[in-house]
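Enquirer: Could you have a look at this structure, given as structure tokens, before my questions?
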Amino acid sequence: MKPAPFGYADPTSLDEALTLLAEDGAKVLAGGQSLLPLLSMRLASPATLVDINRIPGLDSVAVSGDGVRVGALVRHVDLLHHAEAARVQPLLARATANVAHPAIRNRGTTVGSIAHADPSGEMTSVLALTGGSVTVATPGGPQTVDWADFFVGPLETSVHGPAVVTEAFFPALPPRSGTAFEEVSRRKGDYAVCGAGVTVTLDEDSRVSSVRAAYISVGLVPEVHDLTEAVAGRTVAEADWSAAADLARTLVDPDGDLHASADYRRLLVGVLTERTLARAAEEAQTR
């Protein structure tokens, strides 16, 4: 299919972009890997696409001890291969490696994926699991929005009116912590039937002090579940990760669709939780 007719604008500043976005039916275009299929299927019909690719200063990755800031024009592939970003927050590279296919990672943007707010998207779950936030440019000035306030429904965020999500911030992994990310799809690169990202943190005595998990293709918006109670106070060798997996299954409420039933997704939540927690805990012992 072909998109419905639309106008096109390529501003060279955020102020110009915001002016254009104030017009009815205007929509931001960055990498376009989520938007263009919707246009082709006529599930979206914007009056004007506002291409932000010529706006300077939006294509950088800034790494500090506090975390990683990813600009709106940073491609998935650039984040995937950013060694310093992976060192400070390993979930970034681990999740990005699961995003679609190389051709899509070469053009798609991490922040654009987050702004798309697809509950089957890897980076939305990573933003939630790390306790991250986004920066939004508005006519009244930049605003910082916590992940929990940003996602309000499938393909829907709390950002309204003329606005551009210019940056995503992912806090650094705490000391003595490990991470893991894994998903199940019908074919490599397809949307995940279910995916899990986890963090495990140990205390000074090498006992489990925190276990958190986020899932993709399970809820309507990203969800983070605390599984600590199932294994708290145990060493990695003593921890019963299957108990944490059992707890996770009781906390999720997946829907069924043509790709998988709700029961199958709940089963996968348990399998992926147990598998990823074991790996993350082993890593936590080395950090």
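The way I read the labels, and the way they are meant: chains A, B, ... in the order of the structure tokens, residue 1 as the first residue of every chain, and ligand 1 as the first ligand shown, with later ones counted on from there.
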Per residue of region 47-165 of chain A within 10 Å of region 199-204 of chain A, record the nearest atom pair and its distance in Å to one decimal, counting only C-alpha atoms, with rows in chain order and ascending residue number, as CSV.

Expert:
residue,atom,partner,partner_atom,distance
A:Leu91,CA,A:Thr199,CA,8.9
A:Leu129,CA,A:Thr199,CA,8.0
A:Thr130,CA,A:Thr199,CA,8.7

Enquirer: With C-alpha atoms retained, could you export that selection as a PDB file, in the first residue's frame?

Expert:
ATOM      1  CA  LEU A  91      21.072  -3.136  29.257  1.00  0.00           C
ATOM      2  CA  LEU A 129      13.581  -0.914  34.129  1.00  0.00           C
ATOM      3  CA  THR A 130      16.414   1.564  34.585  1.00  0.00           C
TER       4      THR A 130
END

Enquirer: Looking only at the backbone, which of the residues in region 187-278 of chain A does DSSP tag as alpha helix (DSSP H), as a ChimeraX atom specification?

Expert: /A:241-251,262-278

Enquirer: Convert the current residue selection to file output with N, CA and C atoms, as a PDB file, in the first residue's frame.

Expert:
ATOM      1  N   TRP A 241      15.785 -19.138  41.790  1.00  0.00           N
ATOM      2  CA  TRP A 241      15.270 -18.248  40.752  1.00  0.00           C
ATOM      3  C   TRP A 241      13.933 -18.721  40.215  1.00  0.00           C
ATOM      4  N   SER A 242      13.627 -19.989  40.356  1.00  0.00           N
ATOM      5  CA  SER A 242      12.313 -20.473  39.923  1.00  0.00           C
ATOM      6  C   SER A 242      11.206 -19.877  40.785  1.00  0.00           C
ATOM      7  N   ALA A 243      11.515 -19.611  42.062  1.00  0.00           N
ATOM      8  CA  ALA A 243      10.528 -18.975  42.932  1.00  0.00           C
ATOM      9  C   ALA A 243      10.251 -17.552  42.465  1.00  0.00           C
ATOM     10  N   ALA A 244      11.287 -16.850  42.021  1.00  0.00           N
ATOM     11  CA  ALA A 244      11.098 -15.504  41.476  1.00  0.00           C
ATOM     12  C   ALA A 244      10.279 -15.567  40.189  1.00  0.00           C
ATOM     13  N   ALA A 245      10.532 -16.598  39.380  1.00  0.00           N
ATOM     14  CA  ALA A 245       9.767 -16.770  38.149  1.00  0.00           C
ATOM     15  C   ALA A 245       8.295 -17.037  38.452  1.00  0.00           C
ATOM     16  N   ASP A 246       8.032 -17.855  39.469  1.00  0.00           N
ATOM     17  CA  ASP A 246       6.644 -18.126  39.870  1.00  0.00           C
ATOM     18  C   ASP A 246       5.955 -16.842  40.309  1.00  0.00           C
ATOM     19  N   LEU A 247       6.678 -16.017  41.067  1.00  0.00           N
ATOM     20  CA  LEU A 247       6.112 -14.749  41.506  1.00  0.00           C
ATOM     21  C   LEU A 247       5.805 -13.856  40.309  1.00  0.00           C
ATOM     22  N   ALA A 248       6.729 -13.801  39.354  1.00  0.00           N
ATOM     23  CA  ALA A 248       6.523 -12.962  38.166  1.00  0.00           C
ATOM     24  C   ALA A 248       5.254 -13.356  37.431  1.00  0.00           C
ATOM     25  N   ARG A 249       5.002 -14.655  37.314  1.00  0.00           N
ATOM     26  CA  ARG A 249       3.805 -15.106  36.590  1.00  0.00           C
ATOM     27  C   ARG A 249       2.524 -14.617  37.243  1.00  0.00           C
ATOM     28  N   THR A 250       2.542 -14.438  38.557  1.00  0.00           N
ATOM     29  CA  THR A 250       1.341 -13.966  39.239  1.00  0.00           C
ATOM     30  C   THR A 250       1.156 -12.460  39.108  1.00  0.00           C
ATOM     31  N   LEU A 251       2.204 -11.751  38.715  1.00  0.00           N
ATOM     32  CA  LEU A 251       2.142 -10.288  38.671  1.00  0.00           C
ATOM     33  C   LEU A 251       1.771  -9.735  37.309  1.00  0.00           C
ATOM     34  N   ALA A 262      -2.646 -15.762  25.981  1.00  0.00           N
ATOM     35  CA  ALA A 262      -2.252 -15.167  27.258  1.00  0.00           C
ATOM     36  C   ALA A 262      -1.517 -16.182  28.123  1.00  0.00           C
ATOM     37  N   ASP A 263      -1.978 -17.436  28.127  1.00  0.00           N
ATOM     38  CA  ASP A 263      -1.334 -18.470  28.929  1.00  0.00           C
ATOM     39  C   ASP A 263       0.094 -18.738  28.460  1.00  0.00           C
ATOM     40  N   TYR A 264       0.295 -18.730  27.152  1.00  0.00           N
ATOM     41  CA  TYR A 264       1.646 -18.974  26.629  1.00  0.00           C
ATOM     42  C   TYR A 264       2.575 -17.826  27.005  1.00  0.00           C
ATOM     43  N   ARG A 265       2.076 -16.602  26.927  1.00  0.00           N
ATOM     44  CA  ARG A 265       2.908 -15.464  27.318  1.00  0.00           C
ATOM     45  C   ARG A 265       3.257 -15.539  28.805  1.00  0.00           C
ATOM     46  N   ARG A 266       2.298 -15.936  29.632  1.00  0.00           N
ATOM     47  CA  ARG A 266       2.577 -16.063  31.064  1.00  0.00           C
ATOM     48  C   ARG A 266       3.621 -17.152  31.309  1.00  0.00           C
ATOM     49  N   LEU A 267       3.532 -18.244  30.570  1.00  0.00           N
ATOM     50  CA  LEU A 267       4.541 -19.295  30.667  1.00  0.00           C
ATOM     51  C   LEU A 267       5.917 -18.753  30.297  1.00  0.00           C
ATOM     52  N   LEU A 268       5.996 -17.984  29.203  1.00  0.00           N
ATOM     53  CA  LEU A 268       7.268 -17.424  28.778  1.00  0.00           C
ATOM     54  C   LEU A 268       7.827 -16.438  29.797  1.00  0.00           C
ATOM     55  N   VAL A 269       6.961 -15.701  30.451  1.00  0.00           N
ATOM     56  CA  VAL A 269       7.426 -14.798  31.512  1.00  0.00           C
ATOM     57  C   VAL A 269       8.210 -15.574  32.556  1.00  0.00           C
ATOM     58  N   GLY A 270       7.677 -16.713  32.966  1.00  0.00           N
ATOM     59  CA  GLY A 270       8.372 -17.522  33.963  1.00  0.00           C
ATOM     60  C   GLY A 270       9.688 -18.075  33.440  1.00  0.00           C
ATOM     61  N   VAL A 271       9.665 -18.618  32.244  1.00  0.00           N
ATOM     62  CA  VAL A 271      10.877 -19.219  31.672  1.00  0.00           C
ATOM     63  C   VAL A 271      11.975 -18.173  31.501  1.00  0.00           C
ATOM     64  N   LEU A 272      11.630 -17.024  30.915  1.00  0.00           N
ATOM     65  CA  LEU A 272      12.621 -15.989  30.669  1.00  0.00           C
ATOM     66  C   LEU A 272      13.109 -15.348  31.962  1.00  0.00           C
ATOM     67  N   THR A 273      12.217 -15.215  32.936  1.00  0.00           N
ATOM     68  CA  THR A 273      12.623 -14.640  34.222  1.00  0.00           C
ATOM     69  C   THR A 273      13.664 -15.509  34.899  1.00  0.00           C
ATOM     70  N   GLU A 274      13.399 -16.785  35.004  1.00  0.00           N
ATOM     71  CA  GLU A 274      14.354 -17.686  35.661  1.00  0.00           C
ATOM     72  C   GLU A 274      15.693 -17.692  34.928  1.00  0.00           C
ATOM     73  N   ARG A 275      15.645 -17.721  33.625  1.00  0.00           N
ATOM     74  CA  ARG A 275      16.867 -17.799  32.827  1.00  0.00           C
ATOM     75  C   ARG A 275      17.702 -16.527  32.944  1.00  0.00           C
ATOM     76  N   THR A 276      17.051 -15.375  32.823  1.00  0.00           N
ATOM     77  CA  THR A 276      17.799 -14.118  32.848  1.00  0.00           C
ATOM     78  C   THR A 276      18.279 -13.758  34.247  1.00  0.00           C
ATOM     79  N   LEU A 277      17.507 -14.081  35.271  1.00  0.00           N
ATOM     80  CA  LEU A 277      17.944 -13.773  36.635  1.00  0.00           C
ATOM     81  C   LEU A 277      19.210 -14.541  36.999  1.00  0.00           C
ATOM     82  N   ALA A 278      19.304 -15.779  36.589  1.00  0.00           N
ATOM     83  CA  ALA A 278      20.493 -16.563  36.882  1.00  0.00           C
ATOM     84  C   ALA A 278      21.727 -15.920  36.252  1.00  0.00           C
TER      85      ALA A 278
END

Enquirer: Tell me, as a VMD selection string, which residues lie within 6 Å of region 163-174 of chain A, counting only C-alpha atoms; anything in the same chain fewer than 5 positions away does not count.

Expert: chain A and resid 66 to 72 88 to 89 130 132 to 138

Enquirer: Can you work out the spacing between CA of Ser113 (chain A) and CA of Glu283 (chain A) in Å, to one decimal?

Expert: 27.9 Å

Enquirer: Could you state the separation of CA of Pro102 (chain A) and CA of Leu258 (chain A) in Å, given to one decimal place?

Expert: 25.8 Å

Enquirer: Based on DSSP run over this structure's backbone, return all residues of region 96-197 of chain A in strand (DSSP E or B), as a PyMOL selection string.

Expert: chain A and resi 109+133-137+143-146+151-153+156-157+164-171+177-185+192-197

Enquirer: In Å, with one decimal, what is the gap from CA of Ala22 (chain A) to CA of Met41 (chain A)?

Expert: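 Here the two named atoms are 25.1 Å from each other.
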